[in-house]
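Asks: I'm passing along upload20.txt; it holds compact mmCIF, C-alpha atoms and all ligand atoms.
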# COMPACT_ATOMS: atom_id res chain seq x y z
CA MET A 29 -122.73 -25.19 5.75
CA LEU A 30 -122.53 -21.59 4.57
CA THR A 31 -123.43 -20.40 8.10
CA LEU A 32 -120.68 -22.59 9.57
CA LEU A 33 -118.09 -21.24 7.12
CA PHE A 34 -119.15 -17.68 7.91
CA TYR A 35 -118.93 -18.38 11.67
CA LEU A 36 -115.41 -19.77 11.28
CA TYR A 37 -114.38 -16.82 9.09
CA GLU A 38 -115.72 -14.26 11.60
CA ASN A 39 -113.98 -15.94 14.52
CA LEU A 40 -110.72 -16.29 12.63
CA ALA A 41 -110.82 -12.57 11.81
CA SER A 42 -111.53 -11.71 15.48
CA SER A 43 -108.71 -13.96 16.70
CA LEU A 44 -106.25 -12.44 14.26
CA HIS A 45 -107.38 -8.97 15.36
CA PHE A 46 -106.91 -9.97 19.02
CA PHE A 47 -103.38 -11.24 18.37
CA ASP A 48 -102.60 -8.13 16.30
CA LYS A 49 -103.64 -6.00 19.26
CA LEU A 50 -101.52 -8.02 21.67
CA LYS A 51 -98.57 -7.68 19.30
CA GLY A 52 -99.11 -3.92 19.22
CA SER A 53 -99.35 -3.64 23.01
CA ASP A 54 -95.66 -4.05 23.67
CA TYR A 55 -95.77 -1.77 26.67
CA LEU A 56 -98.66 -0.31 28.66
CA THR A 57 -98.50 2.82 30.82
CA ASN A 58 -100.33 2.94 34.15
CA THR A 59 -103.20 4.70 32.35
CA GLY A 60 -103.48 1.72 29.98
CA ALA A 61 -102.07 3.64 26.99
CA VAL A 62 -99.65 1.89 24.63
CA LEU A 63 -96.29 3.65 24.80
CA MET A 64 -94.84 4.71 21.47
CA THR A 65 -91.64 2.69 21.66
CA GLN A 66 -92.26 1.98 17.99
CA PHE A 67 -95.04 3.51 15.94
CA THR A 68 -96.04 1.14 13.13
CA GLY A 69 -99.63 -0.04 13.47
CA LYS A 70 -100.24 1.82 16.75
CA HIS A 71 -103.22 3.93 17.74
CA VAL A 72 -102.46 7.51 18.80
CA LEU A 73 -105.03 8.13 21.53
CA SER A 74 -103.33 10.06 24.31
CA VAL A 75 -100.24 12.10 25.05
CA ALA A 76 -99.61 9.54 27.84
CA GLN A 77 -98.21 7.31 25.08
CA PHE A 78 -95.30 9.68 24.42
CA GLU A 79 -91.97 9.95 26.15
CA ARG A 80 -89.27 12.41 25.12
CA GLU A 81 -87.61 9.97 22.75
CA ALA A 82 -90.87 9.34 20.87
CA ILE A 83 -91.59 13.09 20.69
CA GLU A 84 -88.11 13.73 19.26
CA LYS A 85 -88.76 11.04 16.64
CA VAL A 86 -92.05 12.69 15.60
CA PHE A 87 -90.36 16.11 15.38
CA LEU A 88 -87.49 14.75 13.31
CA VAL A 89 -89.90 13.19 10.81
CA ALA A 90 -92.02 16.39 10.87
CA ASP A 91 -88.91 18.41 9.90
CA SER A 92 -88.34 16.06 6.96
CA MET A 93 -91.86 16.91 5.71
CA ILE A 94 -91.13 20.64 5.29
CA PRO A 95 -90.13 20.46 1.55
CA TYR A 96 -93.41 18.66 0.78
CA ALA A 97 -95.56 21.12 2.74
CA LEU A 98 -93.75 24.00 0.97
CA ARG A 99 -94.42 22.28 -2.43
CA LYS A 100 -90.70 22.10 -3.25
CA LYS A 101 -91.42 18.48 -4.17
CA ARG A 102 -94.18 15.94 -3.62
CA THR A 103 -94.29 12.27 -2.73
CA GLN A 104 -96.54 9.35 -3.62
CA VAL A 105 -95.41 7.14 -0.74
CA LEU A 106 -99.02 6.56 0.39
CA GLU A 107 -100.45 6.14 -3.12
CA GLY A 108 -103.42 3.78 -2.82
CA ALA A 109 -103.81 4.25 0.96
CA ILE A 110 -107.12 5.56 2.34
CA LEU A 111 -107.62 7.78 5.39
CA GLY A 112 -111.05 7.58 7.05
CA ASN A 113 -111.48 11.11 8.43
CA LEU A 114 -114.39 10.91 10.89
CA PHE A 115 -115.39 14.16 12.54
CA PHE A 116 -118.49 13.86 14.70
CA GLU A 117 -117.92 17.34 16.18
CA PRO A 118 -117.22 20.66 14.42
CA SER A 119 -113.67 21.28 13.23
CA THR A 120 -111.89 23.31 10.61
CA ARG A 121 -108.14 22.95 11.01
CA THR A 122 -107.81 19.52 12.60
CA ARG A 123 -110.07 17.86 10.03
CA VAL A 124 -108.65 19.67 7.01
CA SER A 125 -105.03 19.38 8.12
CA PHE A 126 -105.39 15.62 8.68
CA GLY A 127 -106.77 15.37 5.14
CA THR A 128 -104.13 17.68 3.70
CA ALA A 129 -101.33 15.80 5.45
CA PHE A 130 -102.57 12.50 4.02
CA ASN A 131 -102.96 13.98 0.52
CA LEU A 132 -99.45 15.44 0.70
CA LEU A 133 -98.15 11.91 1.28
CA GLY A 134 -100.02 10.72 -1.82
CA GLY A 135 -102.98 9.08 -0.05
CA GLU A 136 -106.73 9.52 -0.47
CA VAL A 137 -109.24 10.79 2.08
CA ARG A 138 -112.84 9.67 2.78
CA GLU A 139 -114.72 11.92 5.18
CA THR A 140 -117.72 11.66 7.47
CA THR A 141 -118.74 14.86 9.20
CA GLY A 142 -121.42 15.41 11.84
CA MET A 143 -123.26 12.93 14.04
CA ARG A 144 -126.59 13.39 12.26
CA ASN A 145 -125.14 12.21 8.93
CA SER A 146 -123.82 8.97 10.40
CA ALA A 147 -125.44 5.74 11.59
CA LEU A 148 -124.38 6.66 15.16
CA ALA A 149 -127.57 8.76 15.10
CA LYS A 150 -129.50 5.47 14.58
CA GLY A 151 -127.96 3.96 17.70
CA GLU A 152 -125.03 2.13 16.09
CA SER A 153 -122.24 1.51 18.60
CA LEU A 154 -118.75 2.94 18.26
CA TYR A 155 -117.45 -0.65 18.14
CA ASP A 156 -119.64 -1.60 15.16
CA THR A 157 -118.85 1.65 13.37
CA ALA A 158 -115.14 0.98 13.87
CA ARG A 159 -115.38 -2.63 12.66
CA VAL A 160 -117.11 -1.44 9.49
CA LEU A 161 -115.11 1.69 8.68
CA SER A 162 -111.75 0.07 9.40
CA GLY A 163 -112.61 -2.33 6.60
CA TYR A 164 -112.75 0.65 4.24
CA SER A 165 -109.61 2.49 5.38
CA ASP A 166 -105.92 1.98 6.14
CA ILE A 167 -105.94 4.48 8.99
CA ILE A 168 -108.60 6.56 10.74
CA ALA A 169 -108.56 10.04 12.29
CA MET A 170 -111.52 10.74 14.53
CA ARG A 171 -113.08 13.50 16.64
CA HIS A 172 -116.06 12.85 18.90
CA PRO A 173 -117.74 14.93 21.65
CA GLN A 174 -117.56 12.23 24.35
CA GLU A 175 -114.55 11.66 26.60
CA ASP A 176 -112.71 8.38 25.85
CA SER A 177 -114.93 7.72 22.81
CA VAL A 178 -111.97 7.54 20.41
CA ALA A 179 -110.28 4.89 22.59
CA GLU A 180 -113.57 2.95 22.65
CA PHE A 181 -113.78 3.22 18.87
CA ALA A 182 -110.16 2.02 18.55
CA GLU A 183 -111.13 -1.20 20.38
CA GLY A 184 -113.20 -2.15 17.36
CA SER A 185 -110.82 -0.91 14.70
CA ARG A 186 -108.59 -3.15 12.61
CA VAL A 187 -106.44 -0.17 11.52
CA PRO A 188 -104.59 2.54 13.51
CA VAL A 189 -106.81 5.29 14.94
CA ILE A 190 -105.61 8.83 15.68
CA ASN A 191 -107.50 10.92 18.24
CA GLY A 192 -108.52 14.29 16.78
CA GLY A 193 -110.15 15.35 20.09
CA ASP A 194 -112.49 13.48 22.46
CA GLY A 195 -114.76 15.79 24.46
CA THR A 196 -112.94 17.68 27.19
CA ASN A 197 -110.41 14.88 27.54
CA GLU A 198 -107.53 15.13 25.06
CA HIS A 199 -106.31 16.50 21.77
CA PRO A 200 -102.94 14.75 21.39
CA THR A 201 -102.07 15.89 17.88
CA GLN A 202 -102.75 19.51 18.86
CA ALA A 203 -100.46 19.09 21.87
CA LEU A 204 -97.71 17.65 19.67
CA LEU A 205 -98.00 20.49 17.14
CA ASP A 206 -98.06 23.03 19.99
CA LEU A 207 -94.93 21.51 21.48
CA TYR A 208 -93.28 21.40 18.04
CA THR A 209 -94.10 25.11 17.68
CA ILE A 210 -92.77 25.89 21.16
CA GLU A 211 -89.53 24.08 20.31
CA LYS A 212 -89.16 26.06 17.07
CA GLU A 213 -89.96 29.41 18.73
CA ARG A 214 -87.49 28.66 21.54
CA LYS A 215 -84.78 27.65 19.06
CA PHE A 216 -85.21 31.07 17.49
CA HIS A 217 -84.03 32.49 20.85
CA ASP A 218 -81.32 29.76 21.19
CA GLU A 219 -83.22 28.06 23.99
CA GLY A 220 -84.83 24.67 24.53
CA ILE A 221 -88.06 23.56 26.19
CA ASP A 222 -86.38 22.79 29.54
CA GLY A 223 -86.64 25.85 31.79
CA LEU A 224 -89.71 27.19 29.92
CA ASN A 225 -92.01 29.69 31.62
CA ILE A 226 -95.53 29.31 30.22
CA ALA A 227 -98.76 31.16 31.06
CA MET A 228 -102.06 29.55 30.05
CA ILE A 229 -105.10 31.81 29.98
CA GLY A 230 -108.86 31.36 29.67
CA ASP A 231 -111.04 28.26 29.89
CA LEU A 232 -108.61 25.76 31.39
CA LYS A 233 -111.40 23.48 32.61
CA TYR A 234 -112.97 22.51 29.30
CA GLY A 235 -110.02 23.34 27.01
CA ARG A 236 -108.66 19.92 26.09
CA THR A 237 -105.65 21.39 24.27
CA VAL A 238 -104.24 22.86 27.49
CA HIS A 239 -104.80 19.53 29.27
CA SER A 240 -102.83 17.59 26.66
CA LEU A 241 -100.10 20.22 26.32
CA SER A 242 -99.58 20.46 30.11
CA LYS A 243 -99.20 16.67 30.34
CA LEU A 244 -96.61 16.63 27.54
CA LEU A 245 -94.69 19.54 29.06
CA CYS A 246 -94.38 17.57 32.32
CA LEU A 247 -91.80 15.41 30.50
CA TYR A 248 -89.39 18.38 30.45
CA LYS A 249 -87.34 19.91 33.26
CA ASP A 250 -87.68 22.97 35.52
CA LEU A 251 -90.77 24.54 34.01
CA HIS A 252 -92.90 27.31 35.49
CA PHE A 253 -96.61 27.05 34.69
CA THR A 254 -98.95 29.98 35.40
CA PHE A 255 -102.67 29.22 35.06
CA ILE A 256 -104.88 32.30 34.68
CA SER A 257 -108.62 31.59 34.60
CA PRO A 258 -111.87 32.34 36.40
CA GLN A 259 -111.98 30.01 39.44
CA GLU A 260 -114.91 28.09 37.95
CA LEU A 261 -112.87 27.35 34.81
CA SER A 262 -109.62 26.36 36.48
CA MET A 263 -107.28 23.58 35.38
CA PRO A 264 -108.40 20.14 36.65
CA THR A 265 -106.72 19.22 39.96
CA TYR A 266 -105.19 16.02 38.60
CA ILE A 267 -103.19 18.04 36.05
CA CYS A 268 -102.01 20.51 38.74
CA ASP A 269 -100.96 17.50 40.84
CA MET A 270 -99.11 15.99 37.87
CA ILE A 271 -97.19 19.26 37.41
CA ALA A 272 -96.32 19.49 41.12
CA ASN A 273 -95.29 15.80 41.26
CA ALA A 274 -93.00 16.33 38.28
CA GLY A 275 -91.22 19.05 40.31
CA HIS A 276 -92.33 22.05 38.25
CA LYS A 277 -93.30 25.46 39.65
CA LEU A 278 -97.02 26.25 39.48
CA THR A 279 -98.79 29.59 39.99
CA ILE A 280 -102.59 29.76 39.86
CA THR A 281 -104.52 33.04 39.68
CA ASP A 282 -107.92 34.31 38.59
CA GLN A 283 -106.57 37.77 37.72
CA LEU A 284 -104.70 38.98 34.66
CA GLU A 285 -102.76 41.48 36.73
CA GLY A 286 -99.15 42.57 37.00
CA SER A 287 -96.30 41.31 34.89
CA PHE A 288 -95.78 37.69 33.87
CA ASN A 289 -92.24 36.70 33.05
CA ALA A 290 -93.57 34.26 30.46
CA ASP A 291 -91.76 32.89 27.40
CA ILE A 292 -95.10 31.65 26.05
CA CYS A 293 -98.58 33.06 26.58
CA TYR A 294 -101.08 30.36 25.53
CA GLN A 295 -104.58 31.82 25.20
CA THR A 296 -107.71 29.61 24.94
CA ARG A 297 -111.32 30.10 23.90
CA ILE A 298 -114.25 29.79 26.31
CA GLN A 299 -115.49 26.36 25.15
CA GLU A 300 -119.14 27.42 25.13
CA GLU A 301 -120.31 24.14 23.53
CA ARG A 302 -119.25 22.28 26.72
CA PHE A 303 -121.22 24.46 29.17
CA PRO A 304 -124.59 23.32 30.59
CA SER A 305 -126.23 26.38 28.97
CA GLN A 306 -125.37 29.34 26.73
CA ASP A 307 -126.20 31.74 29.61
CA GLU A 308 -123.60 29.99 31.76
CA ALA A 309 -120.97 30.31 29.00
CA ASN A 310 -121.82 33.97 28.40
CA LYS A 311 -120.80 34.79 32.00
CA TYR A 312 -117.17 34.19 31.04
CA ARG A 313 -117.12 35.56 27.51
CA GLY A 314 -114.65 38.38 27.06
CA LYS A 315 -112.74 37.62 30.28
CA PHE A 316 -108.99 38.00 29.82
CA ARG A 317 -108.98 39.63 26.40
CA LEU A 318 -105.55 40.01 24.92
CA ASN A 319 -104.74 42.91 22.63
CA GLN A 320 -101.52 44.81 21.93
CA GLN A 321 -102.07 47.08 24.95
CA THR A 322 -102.70 44.28 27.49
CA TYR A 323 -99.90 42.22 25.94
CA THR A 324 -97.43 45.08 26.43
CA LYS A 325 -98.70 45.62 29.99
CA HIS A 326 -98.49 42.00 31.21
CA PHE A 327 -95.88 40.25 29.05
CA GLN A 328 -92.30 40.57 27.86
CA SER A 329 -91.53 42.08 24.45
CA LYS A 330 -90.43 38.61 23.26
CA THR A 331 -93.29 36.55 24.79
CA VAL A 332 -94.64 34.23 22.11
CA ILE A 333 -98.45 34.31 21.76
CA MET A 334 -100.12 30.98 21.02
CA HIS A 335 -103.74 29.83 20.69
CA PRO A 336 -105.05 26.48 19.38
CA LEU A 337 -107.71 28.35 17.36
CA PRO A 338 -110.45 29.01 16.53
CA ARG A 339 -110.29 32.34 18.36
CA ASP A 340 -113.63 33.91 19.16
CA SER A 341 -113.38 37.22 17.29
CA ARG A 342 -116.93 38.35 18.04
CA ALA A 343 -117.09 41.77 19.71
CA GLN A 344 -118.30 40.38 23.07
CA ALA A 345 -115.37 37.96 23.25
CA ASN A 346 -112.48 39.24 21.17
CA GLU A 347 -110.13 37.04 23.17
CA LEU A 348 -107.14 37.61 20.89
CA ASP A 349 -107.51 40.97 19.15
CA ASN A 350 -106.76 41.44 15.45
CA ASP A 351 -104.43 44.29 16.44
CA LEU A 352 -101.93 41.55 17.38
CA ASN A 353 -101.95 40.16 13.84
CA LEU A 354 -98.80 42.00 12.84
CA ASN A 355 -96.99 41.28 16.11
CA PRO A 356 -94.07 38.99 15.10
CA ASN A 357 -94.52 37.03 18.34
CA LEU A 358 -98.02 35.92 17.31
CA ALA A 359 -97.38 32.25 16.46
CA ILE A 360 -100.98 31.13 15.83
CA PHE A 361 -100.59 30.66 12.08
CA ARG A 362 -97.18 29.04 12.50
CA GLN A 363 -99.01 26.57 14.78
CA THR A 364 -101.58 25.75 12.07
CA ASP A 365 -98.84 25.28 9.44
CA ASN A 366 -96.90 23.07 11.83
CA GLY A 367 -100.04 20.96 12.35
CA VAL A 368 -99.74 19.63 8.80
CA LEU A 369 -96.08 18.63 9.35
CA VAL A 370 -96.79 16.85 12.64
CA ARG A 371 -99.81 15.01 11.21
CA MET A 372 -97.78 13.98 8.14
CA ALA A 373 -95.15 12.63 10.53
CA LEU A 374 -97.72 10.65 12.52
CA PHE A 375 -99.20 9.11 9.36
CA ALA A 376 -95.75 8.20 8.03
CA LEU A 377 -94.74 6.66 11.36
CA THR A 378 -97.93 4.73 12.10
CA LEU A 379 -98.02 3.37 8.55
CA GLY A 380 -94.31 2.51 8.69
CA VAL A 381 -93.13 4.59 5.70
CA GLU A 382 -91.08 7.30 7.46
CA ASP A 383 -87.83 6.07 5.85
CA LYS A 384 -89.33 5.64 2.37
CA VAL A 385 -90.98 9.02 1.79
CA SER A 386 -88.27 10.44 -0.50
CA ASP A 387 -88.08 7.17 -2.52
CA PHE A 388 -91.40 8.20 -4.06
CA ASP A 389 -90.57 11.84 -4.84
CA ARG A 390 -92.16 13.62 -7.80
CA PRO A 391 -91.69 17.17 -9.15
CA VAL A 392 -94.23 19.91 -8.49
CA ASN A 393 -95.73 20.94 -11.83
CA TRP A 394 -97.70 24.01 -10.81
CA TYR A 395 -96.90 27.54 -9.64
CA SER A 396 -96.56 27.79 -5.87
CA ASN A 397 -95.39 30.61 -3.62
CA LYS A 398 -95.64 28.60 -0.39
CA GLY A 399 -91.89 28.52 0.03
CA GLN A 400 -91.86 32.33 0.25
CA SER A 401 -94.66 32.78 2.85
N1 LIG B 501 -107.45 23.60 17.15
C1 LIG B 501 -108.50 22.90 16.71
O1 LIG B 501 -108.77 21.77 17.17
O2 LIG B 501 -109.25 23.52 15.76
P1 LIG B 501 -110.53 22.91 15.04
O3 LIG B 501 -111.60 22.78 16.07
O4 LIG B 501 -110.88 23.88 13.94
O5 LIG B 501 -110.14 21.57 14.50
How does this structure look as structure tokens?
Replies:
Amino acid sequence: MLTLLFYLYENLASSLHFFDKLKGSDYLTNTGAVLMTQFTGKHVLSVAQFEREAIEKVFLVADSMIPYALRKKRTQVLEGAILGNLFFEPSTRTRVSFGTAFNLLGGEVRETTGMRNSALAKGESLYDTARVLSGYSDIIAMRHPQEDSVAEFAEGSRVPVINGGDGTNEHPTQALLDLYTIEKERKFHDEGIDGLNIAMIGDLKYGRTVHSLSKLLCLYKDLHFTFISPQELSMPTYICDMIANAGHKLTITDQLEGSFNADICYQTRIQEERFPSQDEANKYRGKFRLNQQTYTKHFQSKTVIMHPLPRDSRAQANELDNDLNLNPNLAIFRQTDNGVLVRMALFALTLGVEDKVSDFDRPVNWYSNKGQS
């Protein structure tokens, strides 16, 4: 009798989950991603889910989070909610900024870091892990070294899942915060994203942030992309095709030579953890270093310098020299600050509280100088 009851309960739960998923899948793209026509209860797995209208919505909500990030006030709108922050691959800023964003909205964070500390190391499937952990959380952020693993995990999850990076495939929240930063930097010069001239430099093959950002930028008009990388680390062909099909101008070179009329110079790290061997990765280390001298030689005086970070500051690499730290066009730490705003916006939207955040405002009781930095 008990077994029968349990069987019925399990199947009822699965059926409800199935219908929940159908309800959430109001529109599928040709890549199978659910478009963000509305956000509540949705997984955020790929930039393919975003059209311009959805991006503008995220940015509007991100702007509304600025007073909370600057500690002018705080909110308890997610009091009682739990974020499962699952990072099966190294991370500093994505993991901590997801946690910080959730805390700033009043929620609590439970973390799992590293594959070896999880039951995945004992052969547990992503589906089982998702079924279990989604019972403990209201939303999950996840990074995993395998391509498409976060989407596979989401299949088993009963709560929204946000992709914090899946192998070489995608890093959608990084792309959104990069685009948010580009929009802000362009506004500073009274310009928009349409018409942007962007140079991407470094490991464009394994760098998932440049893959996701390029796809998002294809939604805008009349862009000029310049890809500068060793031939072996060039941008995947399908992304170059996507850019060409969207009618943008594309220049590909393996030389950092001459002058680039770029509004944005987006530098990336050699993703040595994705190479077949360390020796193979070492071949490319230190290619295309950017310091104040090379910046002045190849870029405009107003070219904004971006990097998803971490930058490899070891002497052999030194891909973005510390002598650029005082250059006002270096936007790398504005990017990391913006990451908190964009992740707060995604949590508020996927949990359906974006219009209620200020209803739960509280004063800030401690000294803070964040508003002045
Ligand atoms: N940009 C980024 O993904 O950094 P982390 O690897 O530190 O999360």
Asks: Taking all atoms listed in the file into account, which residues have an atom no farther than 9 Å from ligand LIG 501 (chain B)? I'd like them as a ChimeraX atom specification.
Replies: /A:117-125,171,192-193,199,201-202,237,335-338,364
Asks: Would you mind listing, for every residue of stretch 166-254 of chain A within 7 Å of stretch 277-291 of chain A, the two atoms forming the shortest contact and the distance between them in Å to one decimal, using all atoms listed in the file, sorted by chain and ascending residue number, as a tab-separated table?
Replies:
residue	atom	partner	partner_atom	distance
A:Leu224	CA	A:Asp291	CA	6.6
A:Asn225	CA	A:Ala290	CA	5.0
A:Ile226	CA	A:Ala290	CA	5.3
A:Ala227	CA	A:Ala290	CA	6.1
A:Leu251	CA	A:Lys277	CA	6.2
A:His252	CA	A:Lys277	CA	4.6
A:Phe253	CA	A:Leu278	CA	4.9
A:Thr254	CA	A:Thr279	CA	4.6
Asks: Taking all atoms listed in the file into account, which of A:Leu232, A:Asn113, A:Tyr294, A:Arg80 comes nearest A:Lys249?
Replies: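 Answer, going by the shortest atom-to-atom distance: A:Arg80.
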Asks: Near A:Ser185, counting only C-alpha atoms, which residues have an atom at most 9 Å away, once you skip same-chain residues fewer than 6 positions from it, shown as a list in words?
Replies: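 In the requested format, the answer is His45, Tyr155, Asp156, Thr157, Ala158, Arg159, Val160, Leu161, Ser162, Gly163 and Ile168 of chain A.
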Asks: With distances taken over all atoms listed in the file, which residue among A:Arg236, A:Lys398, A:His276, A:Lys150 lies nearest A:Lys100?
Replies: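 Closest to A:Lys100 of all the choices is A:Lys398.
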Asks: Using only C-alpha atoms, which residues sit within 10 Å of A:Leu348 once same-chain residues fewer than 2 positions away are excluded, as a JSON list (two decimals) with C-alpha atoms, in the frame of the given file?
Replies:
[["chain", "number", "residue", "atom", "x", "y", "z"],
["A", 295, "GLN", "CA", -104.58, 31.82, 25.20],
["A", 296, "THR", "CA", -107.71, 29.61, 24.94],
["A", 297, "ARG", "CA", -111.32, 30.10, 23.90],
["A", 314, "GLY", "CA", -114.65, 38.38, 27.06],
["A", 316, "PHE", "CA", -108.99, 38.00, 29.82],
["A", 317, "ARG", "CA", -108.98, 39.63, 26.40],
["A", 318, "LEU", "CA", -105.55, 40.01, 24.92],
["A", 319, "ASN", "CA", -104.74, 42.91, 22.63],
["A", 320, "GLN", "CA", -101.52, 44.81, 21.93],
["A", 323, "TYR", "CA", -99.90, 42.22, 25.94],
["A", 333, "ILE", "CA", -98.45, 34.31, 21.76],
["A", 334, "MET", "CA", -100.12, 30.98, 21.02],
["A", 335, "HIS", "CA", -103.74, 29.83, 20.69],
["A", 337, "LEU", "CA", -107.71, 28.35, 17.36],
["A", 339, "ARG", "CA", -110.29, 32.34, 18.36],
["A", 340, "ASP", "CA", -113.63, 33.91, 19.16],
["A", 341, "SER", "CA", -113.38, 37.22, 17.29],
["A", 345, "ALA", "CA", -115.37, 37.96, 23.25],
["A", 346, "ASN", "CA", -112.48, 39.24, 21.17],
["A", 350, "ASN", "CA", -106.76, 41.44, 15.45],
["A", 351, "ASP", "CA", -104.43, 44.29, 16.44],
["A", 352, "LEU", "CA", -101.93, 41.55, 17.38],
["A", 353, "ASN", "CA", -101.95, 40.16, 13.84],
["A", 358, "LEU", "CA", -98.02, 35.92, 17.31]]
Asks: Need the shell around A:Cys268: protein/DNA/RNA residues with any atom at most 9 Å away, counting only C-alpha atoms. Skip same-chain ones fewer than 4 positions apart. Format as a list in words?
Replies: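 The residues satisfying every condition are Ser242, Met263, Pro264, Ala272, Asn273 and Leu278 of chain A.
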Asks: Output as JSON lines one row per residue of stretch 57-124 of chain A within 9 Å of stretch 208-217 of chain A: the closest atom pair and its distance in Å to one decimal place, counting all atoms listed in the file, sorted by chain and residue number ascending.
Replies:
{"residue": "A:Ile83", "atom": "CA", "partner": "A:Tyr208", "partner_atom": "CA", "distance": 8.9}
{"residue": "A:Phe87", "atom": "CA", "partner": "A:Tyr208", "partner_atom": "CA", "distance": 6.6}
{"residue": "A:Ala90", "atom": "CA", "partner": "A:Tyr208", "partner_atom": "CA", "distance": 8.8}
Asks: Point out the residue among A:Glu152, A:Leu261, A:Phe115, A:Asn310 with the least atom-to-atom distance to A:Glu139, counting only C-alpha atoms.
Replies: A:Phe115
Asks: For stretch 265-267 of chain A, work out the shell of residues within 10 Å, counting only C-alpha atoms and skipping chain neighbours fewer than 6 positions away, then give it as a PyMOL selection string.
Replies: chain A and resi 233+238-240+242-243+246+273
Asks: Between A:Lys330, A:Gly108, A:Asn191, A:Gly275, which residue has the minimum interatomic distance to A:Asn355, considering all atoms listed in the file?
Replies: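 Distance minimum relative to A:Asn355 lands on A:Lys330.
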Asks: My list of candidates is A:Leu247, A:Leu114, A:Asp231, A:Ile167. Which is closest to A:Gly142 when distances are computed with only C-alpha atoms?
Replies: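 The shortest atom-to-atom distance to A:Gly142 comes from A:Leu114.
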Asks: If you count all atoms listed in the file, which residues fall within 10 Å of stretch 301-306 of chain A, apart from same-chain ones fewer than 4 positions away, as an NGL selection string?
Replies: :A and (173 or 195-196 or 233-235 or 310-311)
